[in-house]
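Here is the file my_file_34.cif (mmCIF, C-alpha atoms and all ligand atoms).
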```cif
data_upload
loop_
_atom_site.label_atom_id
_atom_site.label_comp_id
_atom_site.auth_asym_id
_atom_site.auth_seq_id
_atom_site.Cartn_x
_atom_site.Cartn_y
_atom_site.Cartn_z
CA MET Q 53 -15.27 -125.67 -92.55
CA ASP Q 54 -13.64 -128.13 -90.25
CA GLY Q 55 -16.05 -129.95 -88.06
CA PRO Q 56 -17.94 -128.83 -85.03
CA HIS Q 57 -17.30 -125.96 -82.71
CA THR Q 58 -13.86 -126.21 -81.15
CA THR Q 59 -13.51 -123.22 -78.87
CA SER Q 60 -14.27 -125.27 -75.79
CA ALA Q 61 -10.99 -127.15 -76.31
CA ASP Q 62 -9.15 -124.86 -73.96
CA GLY Q 63 -12.26 -124.16 -71.95
CA GLY Q 64 -11.62 -120.49 -72.41
CA ARG Q 65 -8.97 -120.66 -69.74
CA GLY Q 66 -5.30 -119.71 -69.88
CA GLY Q 67 -5.36 -117.19 -72.67
CA GLY Q 68 -7.65 -118.67 -75.31
CA TRP Q 69 -7.15 -118.04 -78.99
CA PHE Q 70 -4.71 -115.18 -78.92
CA GLY Q 71 -1.95 -116.63 -76.73
CA ASP Q 72 -1.22 -116.00 -73.11
CA GLY Q 73 0.27 -112.54 -73.45
CA PRO Q 74 1.29 -110.29 -70.60
CA ALA Q 75 -1.04 -109.58 -67.69
CA GLY Q 76 -3.37 -106.95 -69.18
CA PRO Q 77 -5.54 -104.18 -67.75
CA ASP Q 78 -7.85 -106.79 -66.22
CA ALA Q 79 -5.17 -107.93 -63.75
CA ALA Q 80 -6.47 -105.88 -60.82
CA VAL Q 81 -10.18 -105.63 -61.41
CA GLU Q 82 -12.59 -105.22 -58.53
CA ASP Q 83 -15.39 -107.39 -59.95
CA ALA Q 84 -13.30 -110.14 -61.54
CA SER Q 85 -16.22 -112.53 -62.04
CA ASP Q 86 -16.67 -113.49 -65.70
CA ALA Q 87 -19.90 -111.47 -65.78
CA GLY Q 88 -18.10 -108.45 -64.34
CA LEU Q 89 -15.33 -108.70 -66.95
CA LEU Q 90 -17.86 -109.00 -69.78
CA ARG Q 91 -19.75 -105.95 -68.50
CA ARG Q 92 -16.55 -103.89 -68.49
CA THR Q 93 -15.85 -104.79 -72.13
CA MET Q 94 -19.42 -103.91 -73.07
CA ALA Q 95 -19.19 -100.50 -71.42
CA GLU Q 96 -15.98 -99.74 -73.30
CA ILE Q 97 -17.32 -101.04 -76.65
CA GLU Q 98 -20.64 -99.21 -76.56
CA PRO Q 99 -19.46 -95.76 -77.73
CA VAL Q 100 -17.38 -97.31 -80.56
CA ALA Q 101 -19.81 -100.09 -81.48
CA ASP Q 102 -19.99 -99.04 -85.15
CA LYS Q 103 -16.23 -99.37 -85.59
CA ALA Q 104 -16.16 -102.66 -83.71
CA ILE Q 105 -18.94 -104.06 -85.93
CA ALA Q 106 -17.11 -103.01 -89.13
CA HIS Q 107 -13.93 -104.61 -87.80
CA PHE Q 108 -15.80 -107.76 -86.81
CA TYR Q 109 -17.09 -108.32 -90.36
CA ALA Q 110 -13.75 -107.37 -91.92
CA LEU Q 111 -11.99 -110.00 -89.80
CA LEU Q 112 -14.67 -112.59 -90.41
CA PHE Q 113 -14.72 -112.25 -94.20
CA LEU Q 114 -10.96 -111.86 -94.55
CA ARG Q 115 -10.10 -114.95 -92.54
CA HIS Q 116 -13.12 -117.00 -93.61
CA PRO Q 117 -14.24 -115.88 -97.08
CA GLU Q 118 -16.53 -118.92 -97.32
CA VAL Q 119 -18.77 -117.36 -94.62
CA ARG Q 120 -19.42 -114.28 -96.81
CA GLU Q 121 -21.99 -116.14 -98.91
CA LEU Q 122 -24.27 -116.57 -95.89
CA PHE Q 123 -24.82 -112.80 -95.87
CA PRO Q 124 -26.66 -110.60 -98.40
CA ALA Q 125 -24.68 -108.91 -101.18
CA ALA Q 126 -25.25 -105.50 -99.62
CA MET Q 127 -24.75 -105.40 -95.86
CA ASP Q 128 -27.46 -102.94 -94.82
CA THR Q 129 -28.43 -101.73 -91.36
CA GLN Q 130 -29.18 -105.29 -90.35
CA ARG Q 131 -25.48 -106.01 -90.35
CA ASP Q 132 -25.17 -105.05 -86.68
CA ARG Q 133 -27.82 -107.55 -85.63
CA LEU Q 134 -25.46 -110.52 -85.48
CA PHE Q 135 -22.85 -108.63 -83.48
CA LYS Q 136 -25.43 -107.19 -81.08
CA ALA Q 137 -27.11 -110.55 -80.61
CA LEU Q 138 -23.73 -112.09 -79.80
CA LEU Q 139 -22.94 -109.40 -77.27
CA THR Q 140 -26.37 -109.59 -75.65
CA ALA Q 141 -26.14 -113.34 -75.44
CA ALA Q 142 -22.57 -113.44 -74.19
CA THR Q 143 -23.19 -110.95 -71.42
CA HIS Q 144 -26.07 -113.06 -70.13
CA ALA Q 145 -24.09 -116.28 -70.38
CA ASP Q 146 -23.71 -116.49 -66.59
CA ASP Q 147 -27.43 -117.30 -66.53
CA PRO Q 148 -27.76 -119.86 -69.33
CA ALA Q 149 -31.13 -121.06 -68.06
CA ALA Q 150 -32.71 -117.66 -68.71
CA LEU Q 151 -30.99 -117.43 -72.06
CA THR Q 152 -31.78 -120.87 -73.36
CA GLY Q 153 -35.14 -119.93 -74.90
CA TYR Q 154 -33.64 -116.96 -76.74
CA LEU Q 155 -30.62 -118.90 -77.98
CA THR Q 156 -32.70 -121.89 -78.98
CA ARG Q 157 -34.81 -119.66 -81.22
CA LEU Q 158 -31.68 -117.93 -82.52
CA GLY Q 159 -30.01 -121.26 -83.31
CA CYS Q 160 -33.10 -122.62 -85.09
CA GLY Q 161 -33.62 -119.30 -86.90
CA HIS Q 162 -30.03 -119.45 -88.20
CA ARG Q 163 -30.70 -122.68 -90.10
CA LYS Q 164 -32.39 -120.74 -92.91
CA TYR Q 165 -29.14 -118.81 -93.52
CA GLY Q 166 -27.30 -122.09 -94.10
CA THR Q 167 -25.32 -121.75 -90.86
CA LEU Q 168 -23.32 -124.89 -89.98
CA PRO Q 169 -21.62 -125.83 -86.69
CA GLY Q 170 -18.23 -125.17 -88.30
CA HIS Q 171 -19.12 -121.51 -88.86
CA TYR Q 172 -19.35 -120.77 -85.16
CA PRO Q 173 -15.60 -120.81 -84.36
CA ALA Q 174 -15.00 -118.40 -87.27
CA VAL Q 175 -17.56 -115.98 -85.87
CA GLY Q 176 -16.20 -116.36 -82.34
CA GLU Q 177 -12.66 -115.65 -83.48
CA ALA Q 178 -13.76 -112.45 -85.28
CA LEU Q 179 -15.83 -111.37 -82.28
CA ILE Q 180 -12.89 -111.74 -79.89
CA GLY Q 181 -10.55 -110.03 -82.36
CA ALA Q 182 -12.87 -107.02 -82.72
CA LEU Q 183 -13.44 -106.73 -78.97
CA ALA Q 184 -9.72 -106.98 -78.19
CA LEU Q 185 -8.94 -104.15 -80.58
CA HIS Q 186 -11.79 -101.83 -79.59
CA ALA Q 187 -11.77 -102.36 -75.81
CA PRO Q 188 -8.00 -102.00 -75.15
CA ARG Q 189 -8.40 -100.38 -71.73
CA THR Q 190 -10.22 -103.34 -70.22
CA TRP Q 191 -8.86 -106.21 -72.34
CA GLY Q 192 -6.45 -108.79 -70.93
CA PRO Q 193 -6.05 -112.57 -70.65
CA ARG Q 194 -8.76 -112.97 -68.03
CA THR Q 195 -11.24 -110.87 -69.97
CA GLU Q 196 -10.47 -112.81 -73.12
CA ALA Q 197 -10.94 -116.08 -71.26
CA ALA Q 198 -14.31 -114.85 -69.98
CA TRP Q 199 -15.44 -113.99 -73.53
CA VAL Q 200 -14.26 -117.31 -74.96
CA SER Q 201 -16.09 -119.15 -72.22
CA ALA Q 202 -19.28 -117.12 -72.74
CA TYR Q 203 -19.17 -117.52 -76.51
CA THR Q 204 -18.60 -121.25 -76.13
CA THR Q 205 -21.72 -121.54 -73.98
CA VAL Q 206 -23.79 -119.43 -76.33
CA SER Q 207 -22.71 -121.16 -79.52
CA GLN Q 208 -23.09 -124.64 -78.08
CA ILE Q 209 -26.70 -123.94 -77.10
CA MET Q 210 -27.38 -122.61 -80.62
CA ILE Q 211 -25.65 -125.56 -82.31
CA ASP Q 212 -27.55 -128.08 -80.17
CA ALA Q 213 -30.86 -126.32 -80.79
CA ALA Q 214 -30.30 -126.30 -84.55
CA ALA Q 215 -29.38 -130.00 -84.52
CA ALA Q 216 -32.53 -130.89 -82.56
CA ASP Q 217 -34.69 -128.73 -84.84
CA GLU Q 218 -33.28 -130.45 -87.92
CA LEU Q 219 -35.09 -133.62 -86.85
CA ARG Q 220 -38.42 -131.79 -86.63
CA ALA Q 221 -38.65 -129.11 -89.29
CA PRO Q 222 -37.09 -127.92 -92.54
CA ALA Q 223 -34.54 -125.08 -92.43
CA TRP Q 224 -36.93 -123.02 -94.57
CA TRP Q 225 -40.13 -123.42 -96.55
CA HIS Q 226 -40.70 -122.47 -100.19
CA ALA Q 227 -43.99 -120.63 -100.57
CA GLU Q 228 -45.64 -119.77 -103.87
CA VAL Q 229 -47.56 -116.52 -104.18
CA VAL Q 230 -51.16 -117.46 -104.99
CA ALA Q 231 -52.80 -114.05 -104.60
CA HIS Q 232 -51.59 -110.46 -104.60
CA GLU Q 233 -54.10 -107.75 -103.77
CA ARG Q 234 -53.12 -104.08 -103.83
CA ARG Q 235 -55.20 -102.36 -101.14
CA THR Q 236 -53.58 -98.90 -101.53
CA PRO Q 237 -50.73 -97.73 -103.79
CA ASP Q 238 -48.31 -98.77 -101.00
CA ILE Q 239 -50.01 -101.70 -99.29
CA ALA Q 240 -50.52 -105.23 -100.62
CA VAL Q 241 -52.03 -108.35 -99.11
CA VAL Q 242 -49.82 -111.22 -100.27
CA THR Q 243 -51.13 -114.79 -99.93
CA VAL Q 244 -48.79 -117.77 -100.29
CA ARG Q 245 -48.97 -121.56 -100.32
CA PRO Q 246 -46.08 -123.24 -98.43
CA ASP Q 247 -44.62 -126.36 -100.06
CA GLN Q 248 -44.94 -128.33 -96.79
CA PRO Q 249 -47.27 -128.03 -93.80
CA TYR Q 250 -46.46 -124.87 -91.88
CA PRO Q 251 -47.62 -125.07 -88.25
CA PHE Q 252 -47.87 -121.71 -86.47
CA LEU Q 253 -50.01 -119.83 -83.95
CA ALA Q 254 -52.14 -116.75 -84.57
CA GLY Q 255 -50.16 -113.67 -83.53
CA GLN Q 256 -46.77 -115.06 -84.62
CA TYR Q 257 -44.49 -113.81 -87.40
CA THR Q 258 -41.87 -115.21 -89.72
CA ALA Q 259 -38.78 -114.16 -91.68
CA LEU Q 260 -39.33 -113.92 -95.42
CA GLU Q 261 -36.90 -113.77 -98.35
CA THR Q 262 -37.84 -112.75 -101.91
CA PRO Q 263 -36.12 -114.00 -105.09
CA TRP Q 264 -35.08 -110.42 -105.92
CA TRP Q 265 -32.98 -109.83 -102.78
CA PRO Q 266 -31.27 -113.13 -101.95
CA ARG Q 267 -30.33 -113.59 -98.29
CA VAL Q 268 -32.14 -110.41 -97.24
CA TRP Q 269 -34.73 -111.57 -94.72
CA ARG Q 270 -37.48 -109.39 -93.27
CA HIS Q 271 -40.10 -110.14 -90.64
CA TYR Q 272 -43.83 -110.16 -91.33
CA SER Q 273 -46.72 -111.19 -89.08
CA PHE Q 274 -49.26 -113.72 -90.29
CA ALA Q 275 -52.46 -111.85 -91.12
CA SER Q 276 -54.77 -114.80 -90.41
CA ALA Q 277 -55.09 -117.60 -87.92
CA PRO Q 278 -54.06 -121.02 -89.37
CA ARG Q 279 -56.49 -121.85 -92.20
CA PRO Q 280 -57.81 -125.25 -93.23
CA ASP Q 281 -56.37 -124.73 -96.77
CA GLY Q 282 -52.87 -124.09 -95.33
CA LEU Q 283 -52.51 -120.68 -97.05
CA LEU Q 284 -50.71 -117.83 -95.27
CA SER Q 285 -51.15 -114.11 -95.85
CA PHE Q 286 -49.13 -111.02 -95.04
CA HIS Q 287 -49.93 -107.31 -95.12
CA VAL Q 288 -46.96 -105.49 -96.63
CA LYS Q 289 -46.39 -101.75 -96.83
CA ALA Q 290 -43.71 -100.49 -99.23
CA VAL Q 291 -41.51 -98.13 -97.24
CA PRO Q 292 -38.76 -95.85 -98.58
CA ALA Q 293 -35.52 -97.82 -99.08
CA GLY Q 294 -37.35 -101.00 -98.11
CA TRP Q 295 -36.00 -103.46 -100.65
CA VAL Q 296 -38.06 -106.44 -99.60
CA SER Q 297 -41.30 -104.57 -98.92
CA ASN Q 298 -41.09 -102.68 -102.23
CA ALA Q 299 -40.48 -105.91 -104.13
CA LEU Q 300 -43.40 -107.61 -102.37
CA VAL Q 301 -45.80 -104.74 -103.04
CA ARG Q 302 -44.74 -103.70 -106.55
CA ARG Q 303 -43.13 -106.76 -108.09
CA ALA Q 304 -44.48 -109.99 -106.60
CA ARG Q 305 -47.08 -111.81 -108.67
CA PRO Q 306 -48.87 -115.17 -108.43
CA GLY Q 307 -46.38 -117.90 -109.32
CA ASP Q 308 -43.38 -116.19 -107.65
CA VAL Q 309 -41.72 -118.34 -105.00
CA LEU Q 310 -40.59 -116.89 -101.66
CA ARG Q 311 -38.74 -118.53 -98.80
CA LEU Q 312 -40.08 -118.53 -95.22
CA GLY Q 313 -38.20 -119.16 -91.99
CA PRO Q 314 -39.83 -120.85 -88.99
CA PRO Q 315 -42.72 -119.16 -87.16
CA THR Q 316 -41.70 -117.22 -84.08
CA GLY Q 317 -43.08 -114.74 -81.54
CA SER Q 318 -45.08 -115.02 -78.35
CA MET Q 319 -47.86 -112.50 -79.02
CA THR Q 320 -50.37 -115.34 -78.87
CA VAL Q 321 -53.65 -115.84 -77.04
CA ASP Q 322 -53.53 -117.82 -73.81
CA HIS Q 323 -56.67 -119.92 -74.13
CA THR Q 324 -56.44 -121.14 -70.53
CA ARG Q 325 -57.52 -117.64 -69.44
CA ASP Q 326 -60.91 -116.09 -69.95
CA SER Q 327 -60.12 -112.43 -69.42
CA ALA Q 328 -61.23 -109.94 -72.06
CA LEU Q 329 -58.75 -108.74 -74.69
CA LEU Q 330 -57.74 -105.20 -75.56
CA CYS Q 331 -55.87 -104.94 -78.88
CA LEU Q 332 -54.10 -101.95 -80.41
CA GLY Q 333 -53.13 -102.25 -84.07
CA GLY Q 334 -51.45 -99.35 -85.90
CA GLY Q 335 -51.16 -99.35 -89.72
CA THR Q 336 -50.19 -102.78 -91.03
CA GLY Q 337 -49.87 -103.77 -87.37
CA ILE Q 338 -53.57 -104.67 -87.69
CA ALA Q 339 -52.49 -107.91 -89.46
CA PRO Q 340 -51.64 -110.07 -86.39
CA ILE Q 341 -54.53 -108.47 -84.45
CA LYS Q 342 -56.93 -109.76 -87.10
CA ALA Q 343 -55.29 -113.19 -86.73
CA LEU Q 344 -55.85 -113.05 -82.95
CA VAL Q 345 -59.54 -112.17 -83.44
CA GLU Q 346 -59.96 -115.16 -85.79
CA ASP Q 347 -58.19 -117.33 -83.23
CA VAL Q 348 -60.60 -116.29 -80.46
CA ALA Q 349 -63.54 -116.89 -82.81
CA ARG Q 350 -62.31 -120.39 -83.73
CA HIS Q 351 -61.51 -121.33 -80.21
CA GLY Q 352 -65.14 -121.04 -79.35
CA ARG Q 353 -64.75 -119.73 -75.80
CA ARG Q 354 -66.33 -116.30 -75.94
CA ARG Q 355 -64.39 -113.45 -74.38
CA THR Q 356 -64.94 -109.84 -75.32
CA VAL Q 357 -62.36 -108.33 -77.63
CA ASP Q 358 -61.88 -104.59 -78.21
CA VAL Q 359 -59.73 -103.66 -81.20
CA PHE Q 360 -58.43 -100.09 -81.56
CA TYR Q 361 -57.31 -99.76 -85.17
CA GLY Q 362 -55.17 -96.67 -85.75
CA ALA Q 363 -54.08 -94.97 -88.95
CA ARG Q 364 -52.77 -91.62 -90.05
CA SER Q 365 -55.79 -90.96 -92.30
CA GLY Q 366 -59.01 -92.66 -93.36
CA HIS Q 367 -57.29 -93.77 -96.57
CA ASP Q 368 -54.72 -95.69 -94.51
CA LEU Q 369 -57.42 -97.78 -92.75
CA TYR Q 370 -56.98 -100.27 -95.59
CA ASP Q 371 -58.43 -103.26 -93.69
CA ILE Q 372 -61.36 -101.59 -91.96
CA ASP Q 373 -63.96 -103.40 -94.10
CA THR Q 374 -62.61 -106.80 -93.00
CA MET Q 375 -62.55 -105.72 -89.37
CA LEU Q 376 -66.12 -104.37 -89.53
CA ARG Q 377 -67.31 -107.59 -91.18
CA LEU Q 378 -65.74 -109.56 -88.32
CA GLN Q 379 -67.51 -107.24 -85.86
CA GLN Q 380 -70.82 -107.92 -87.59
CA SER Q 381 -70.45 -111.68 -87.28
CA HIS Q 382 -69.12 -111.67 -83.70
CA PRO Q 383 -71.15 -109.86 -81.03
CA TRP Q 384 -68.22 -110.12 -78.57
CA LEU Q 385 -65.99 -108.00 -80.87
CA SER Q 386 -65.89 -104.18 -80.93
CA VAL Q 387 -63.75 -102.37 -83.50
CA HIS Q 388 -62.79 -98.74 -82.87
CA PRO Q 389 -61.13 -96.95 -85.79
CA VAL Q 390 -58.87 -94.11 -84.63
CA LEU Q 391 -57.38 -91.50 -86.95
CA ASP Q 392 -54.47 -89.23 -86.06
CA ASP Q 393 -56.53 -86.11 -86.88
CA ASP Q 394 -60.24 -85.48 -86.31
CA ALA Q 395 -62.70 -84.20 -88.91
CA ALA Q 396 -61.53 -80.63 -88.28
CA GLY Q 397 -57.90 -81.67 -88.83
CA LEU Q 398 -56.97 -81.40 -85.15
CA PRO Q 399 -54.70 -84.02 -83.55
CA THR Q 400 -56.64 -86.67 -81.64
CA GLY Q 401 -53.74 -88.05 -79.59
CA GLY Q 402 -53.93 -91.27 -81.60
CA LEU Q 403 -54.41 -94.77 -80.26
CA PRO Q 404 -52.95 -94.31 -76.75
CA GLN Q 405 -55.27 -91.37 -76.09
CA ALA Q 406 -58.33 -93.16 -77.52
CA VAL Q 407 -57.70 -96.12 -75.20
CA ARG Q 408 -57.12 -93.88 -72.18
CA ALA Q 409 -60.37 -92.04 -72.88
CA SER Q 410 -62.45 -95.23 -72.68
CA GLY Q 411 -62.28 -98.32 -70.50
CA PRO Q 412 -61.87 -99.42 -67.77
CA TRP Q 413 -59.25 -101.84 -69.13
CA ASP Q 414 -57.37 -102.90 -66.01
CA ALA Q 415 -58.78 -106.45 -66.05
CA HIS Q 416 -57.92 -106.99 -69.75
CA ASP Q 417 -55.05 -108.82 -71.41
CA ALA Q 418 -53.49 -106.37 -73.87
CA TYR Q 419 -51.88 -106.85 -77.30
CA LEU Q 420 -50.03 -104.19 -79.27
CA SER Q 421 -48.81 -104.32 -82.84
CA GLY Q 422 -47.48 -101.60 -85.12
CA PRO Q 423 -44.58 -99.16 -85.39
CA PRO Q 424 -42.07 -99.32 -82.50
CA GLY Q 425 -43.00 -95.76 -81.40
CA LEU Q 426 -46.64 -96.76 -81.06
CA ILE Q 427 -45.70 -99.83 -79.04
CA ARG Q 428 -43.52 -97.83 -76.65
CA ARG Q 429 -46.14 -95.13 -76.10
CA GLY Q 430 -48.94 -97.67 -76.03
CA VAL Q 431 -47.25 -99.76 -73.30
CA ASP Q 432 -46.74 -96.61 -71.20
CA ALA Q 433 -50.40 -95.69 -71.63
CA LEU Q 434 -51.64 -99.19 -70.76
CA VAL Q 435 -49.45 -99.46 -67.67
CA GLY Q 436 -50.65 -95.96 -66.75
CA ILE Q 437 -54.29 -97.08 -66.81
CA GLY Q 438 -53.60 -100.06 -64.58
CA ILE Q 439 -52.80 -103.06 -66.83
CA PRO Q 440 -49.86 -104.91 -65.24
CA ALA Q 441 -46.85 -105.13 -67.59
CA GLY Q 442 -47.02 -108.95 -67.39
CA ARG Q 443 -50.41 -108.90 -69.15
CA ILE Q 444 -49.25 -106.74 -72.07
CA ARG Q 445 -47.91 -108.58 -75.12
CA HIS Q 446 -46.11 -107.28 -78.19
CA ASP Q 447 -43.30 -108.40 -80.49
CA SER Q 448 -39.68 -107.56 -79.73
CA LEU Q 449 -38.95 -103.94 -80.63
CA GLU Q 450 -35.51 -104.97 -81.87
CA GLU Q 451 -37.03 -107.39 -84.37
CA LEU Q 452 -39.57 -104.79 -85.46
CA ALA Q 453 -36.89 -102.20 -86.17
CA GLY Q 454 -35.97 -104.03 -89.37
CA ALA Q 455 -39.36 -105.57 -89.83
CA ALA Q 456 -41.08 -103.98 -92.74
CA SER Q 457 -38.25 -102.57 -94.84
N1 LIG V 501 -46.25 -107.59 -85.04
C1 LIG V 501 -46.14 -106.29 -85.13
O1 LIG V 501 -45.97 -105.57 -84.15
C2 LIG V 501 -46.25 -105.66 -86.46
C3 LIG V 501 -45.67 -104.45 -86.65
N2 LIG V 501 -45.74 -103.87 -87.85
C4 LIG V 501 -45.06 -102.59 -87.97
O2 LIG V 501 -46.06 -101.60 -88.03
C5 LIG V 501 -45.58 -100.52 -88.78
C6 LIG V 501 -46.66 -100.13 -89.73
O3 LIG V 501 -46.27 -99.04 -90.46
P1 LIG V 501 -47.36 -98.04 -91.02
O4 LIG V 501 -48.53 -98.78 -91.49
O5 LIG V 501 -46.60 -97.16 -91.97
O6 LIG V 501 -47.73 -97.22 -89.72
P2 LIG V 501 -47.94 -95.65 -89.57
O7 LIG V 501 -46.65 -94.99 -89.41
O8 LIG V 501 -48.86 -95.20 -90.65
O9 LIG V 501 -48.69 -95.58 -88.15
C7 LIG V 501 -49.81 -96.39 -87.87
C8 LIG V 501 -50.44 -95.93 -86.60
O10 LIG V 501 -49.49 -95.92 -85.54
C9 LIG V 501 -49.47 -94.65 -84.90
N3 LIG V 501 -48.12 -94.26 -84.51
C10 LIG V 501 -47.01 -94.28 -85.30
N4 LIG V 501 -45.95 -93.86 -84.60
C11 LIG V 501 -46.41 -93.55 -83.35
C12 LIG V 501 -45.79 -93.07 -82.16
N5 LIG V 501 -44.49 -92.80 -82.11
N6 LIG V 501 -46.58 -92.92 -81.08
C13 LIG V 501 -47.88 -93.19 -81.11
N7 LIG V 501 -48.52 -93.62 -82.20
C14 LIG V 501 -47.79 -93.82 -83.30
C15 LIG V 501 -50.00 -93.68 -85.94
O11 LIG V 501 -50.60 -92.59 -85.30
C16 LIG V 501 -51.02 -94.52 -86.67
O12 LIG V 501 -52.24 -94.52 -85.97
C17 LIG V 501 -44.28 -100.93 -89.42
O13 LIG V 501 -43.25 -100.34 -88.69
C18 LIG V 501 -44.27 -102.43 -89.22
O14 LIG V 501 -42.97 -102.92 -89.04
C19 LIG V 501 -46.44 -104.40 -88.87
C20 LIG V 501 -47.05 -105.62 -88.74
C21 LIG V 501 -46.95 -106.38 -87.52
#
```
In structure tokens, how does this file's structure come out?
Ligand SMILES: NC(=O)C1=CN([C@@H]2O[C@H](COP(=O)(O)OP(=O)(O)OC[C@H]3O[C@@H](n4cnc5c(N)ncnc54)[C@H](O)[C@@H]3O)[C@@H](O)[C@H]2O)C=CC1
Amino acid sequence: MDGPHTTSADGGRGGGWFGDGPAGPDAAVEDASDAGLLRRTMAEIEPVADKAIAHFYALLFLRHPEVRELFPAAMDTQRDRLFKALLTAATHADDPAALTGYLTRLGCGHRKYGTLPGHYPAVGEALIGALALHAPRTWGPRTEAAWVSAYTTVSQIMIDAAAADELRAPAWWHAEVVAHERRTPDIAVVTVRPDQPYPFLAGQYTALETPWWPRVWRHYSFASAPRPDGLLSFHVKAVPAGWVSNALVRRARPGDVLRLGPPTGSMTVDHTRDSALLCLGGGTGIAPIKALVEDVARHGRRRTVDVFYGARSGHDLYDIDTMLRLQQSHPWLSVHPVLDDDAAGLPTGGLPQAVRASGPWDAHDAYLSGPPGLIRRGVDALVGIGIPAGRIRHDSLEELAGAAS
């Protein structure tokens, strides 16, 4: 690729990459601000997003075959993540300050894929090409200029963030599997030793790649707070069609070497506060909750912690012994197992109902971890019982959608 990002050369003004062309449908637009033009494209693209995404990748790989090797052999459902992230970012580009955190993480996170500054113009060109074709009613020179300008802002923040990160941290870590414990036929606890120090906070997660599915990255939460021996563990459930999770549960053995991206996520404990914690962990979502409990224990400042640990059946409460042991050693910790059905086989209403039925919780800081459906319903329940949304933490639902597969 040829040097750093170049799209700012024309500043996105006067027609951009596809020539000046005739005055298009954007000539007499009411809200002709850049943000208004971007919103109009988005509204037109939304119903045909699948086609636009397919076109985007076709253009990208046709014009820049060298970029293909940054992506996995099989482009699965994750393929729309790049396109969607670009659109989300570009449409918020009129407020770069608010976006900087997101784009900084995105730029740093892209280092593990081998992304270089020279790749950004190729992606931008394909993005504009796909949008122009699939939003013909609203596309025109001014709209194109607005997209070029937005993409330039977005990509420059990502490029700068990656360059700054390069001075601080590796693009990825190699991590050798040192223990592999099958807790149920579908769930394994995988413990790894990173090849270099791996600083992270309890409650965060990382992207992980196995040797069996190169360039397919999946997110897993750390199942422990940082340990003195530097080891990291993950709770992995093999799910149908989950390439990475199946390989980790059924194939990984001590000695195998994985790759880890940087730690990310803000579901961490604020130790400047002393309010009590209410934690909801569903299924393998108990992993980061356990890490948070260990973090509170190590921090030494006692605050009460209530953990509601939900599972579909008693058999699925694969980590209950660990949680009960923690409860025994810490008088400030209460663990409440919650099954979907009661002893008579009747539905219990699950975690949200169990939390609603106890309390009061309105003075607590809340943490949720588990399937996206549980998080959505859990947040509704917690807001309903008086916990302000600003005191409820969970990982991004978008990231979780592809998390465990
Ligand atoms: N940081 C995080 O938020 C983490 C999230 N996860 C996610 O947790 C999930 C774990 O999967 P499994 O163990 O198979 O969970 P599961 O499907 O067996 O469900 C676990 C618990 O969540 C409840 N639940 C599920 N869907 C619900 C809904 N729509 N409304 C209310 N309650 C619901 C179930 O009743 C059960 O108590 C995966 O999707 C994984 O990606 C896993 C680790 C960390």
Next item on the list: Could you check which of Q:Thr356, Q:Ser410, Q:Thr204, Q:Thr152 is closest to Leu179 (chain Q), using all atoms listed in the file?
Entry: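 The answer is Q:Thr204, which sits nearest to Leu179 (chain Q).
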Next item on the list: Measure the distance from CA of Arg157 (chain Q) to CA of Ala213 (chain Q) in Å and round it to one decimal.
Entry: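 The value is 7.8 Å.
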Check: Which of these, Q:Leu134, Q:Val268, Q:Ala349, Q:Leu168, has the shortest distance to Gly294 (chain Q) once you count only C-alpha atoms?
Finding: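 The closest residue to Gly294 (chain Q) is Q:Val268.
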Taking all atoms of region 420-438 of chain Q that appear in the file, build a box with edges along x, y and z, extend it by 3 Å on every side, and state its centre and edge lengths in Å to one decimal, as lines of an AutoDock Vina configuration file.
```
center_x = -48.2
center_y = -99.7
center_z = -75.0
size_x = 18.2
size_y = 15.2
size_z = 26.8
```
Counting all atoms listed in the file, what is within 9 Å of Leu330 (chain Q), bar same-chain residues fewer than 5 positions away, as a PDB file with C-alpha atoms, in the frame of the given file?
```pdb
ATOM      1  CA  THR Q 356     -64.940-109.840 -75.320  1.00  0.00           C
ATOM      2  CA  VAL Q 357     -62.360-108.330 -77.630  1.00  0.00           C
ATOM      3  CA  ASP Q 358     -61.880-104.590 -78.210  1.00  0.00           C
ATOM      4  CA  VAL Q 359     -59.730-103.660 -81.200  1.00  0.00           C
ATOM      5  CA  PHE Q 360     -58.430-100.090 -81.560  1.00  0.00           C
ATOM      6  CA  TRP Q 413     -59.250-101.840 -69.130  1.00  0.00           C
ATOM      7  CA  HIS Q 416     -57.920-106.990 -69.750  1.00  0.00           C
ATOM      8  CA  ASP Q 417     -55.050-108.820 -71.410  1.00  0.00           C
ATOM      9  CA  ALA Q 418     -53.490-106.370 -73.870  1.00  0.00           C
ATOM     10  CA  TYR Q 419     -51.880-106.850 -77.300  1.00  0.00           C
ATOM     11  CA  LEU Q 420     -50.030-104.190 -79.270  1.00  0.00           C
TER      12      LEU Q 420
END
```
Margin query: If we count all atoms listed in the file and set the cut-off at 10 Å, which residues sit around region 95-99 of chain Q, ignoring sequence neighbours fewer than 6 positions away in its own chain? Please answer as a ChimeraX atom specification.
Written below: /Q:105,182-191
Next item on the list: Might you pull out every residue within 12 Å of Phe286 (chain Q), with only C-alpha atoms counted and same-chain residues fewer than 4 positions away left off, and present them as a PyMOL selection string?
Entry: chain Q and resi 229+231-234+239-245+255-260+270-277+297+300-301+312+336-340+342-343+456
Note to self: With all atoms listed in the file as the counted atoms, please give the residues lying no more than 12 Å from Pro117 (chain Q), apart from itself and same-chain residues fewer than 5 positions off, as a list of chain:residue names.
What the structure shows: Q:Met53, Q:Tyr109, Q:Ala110, Q:Leu111, Q:Leu112, Q:Leu122, Q:Phe123, Q:His171, Q:Ala174, Q:Val175
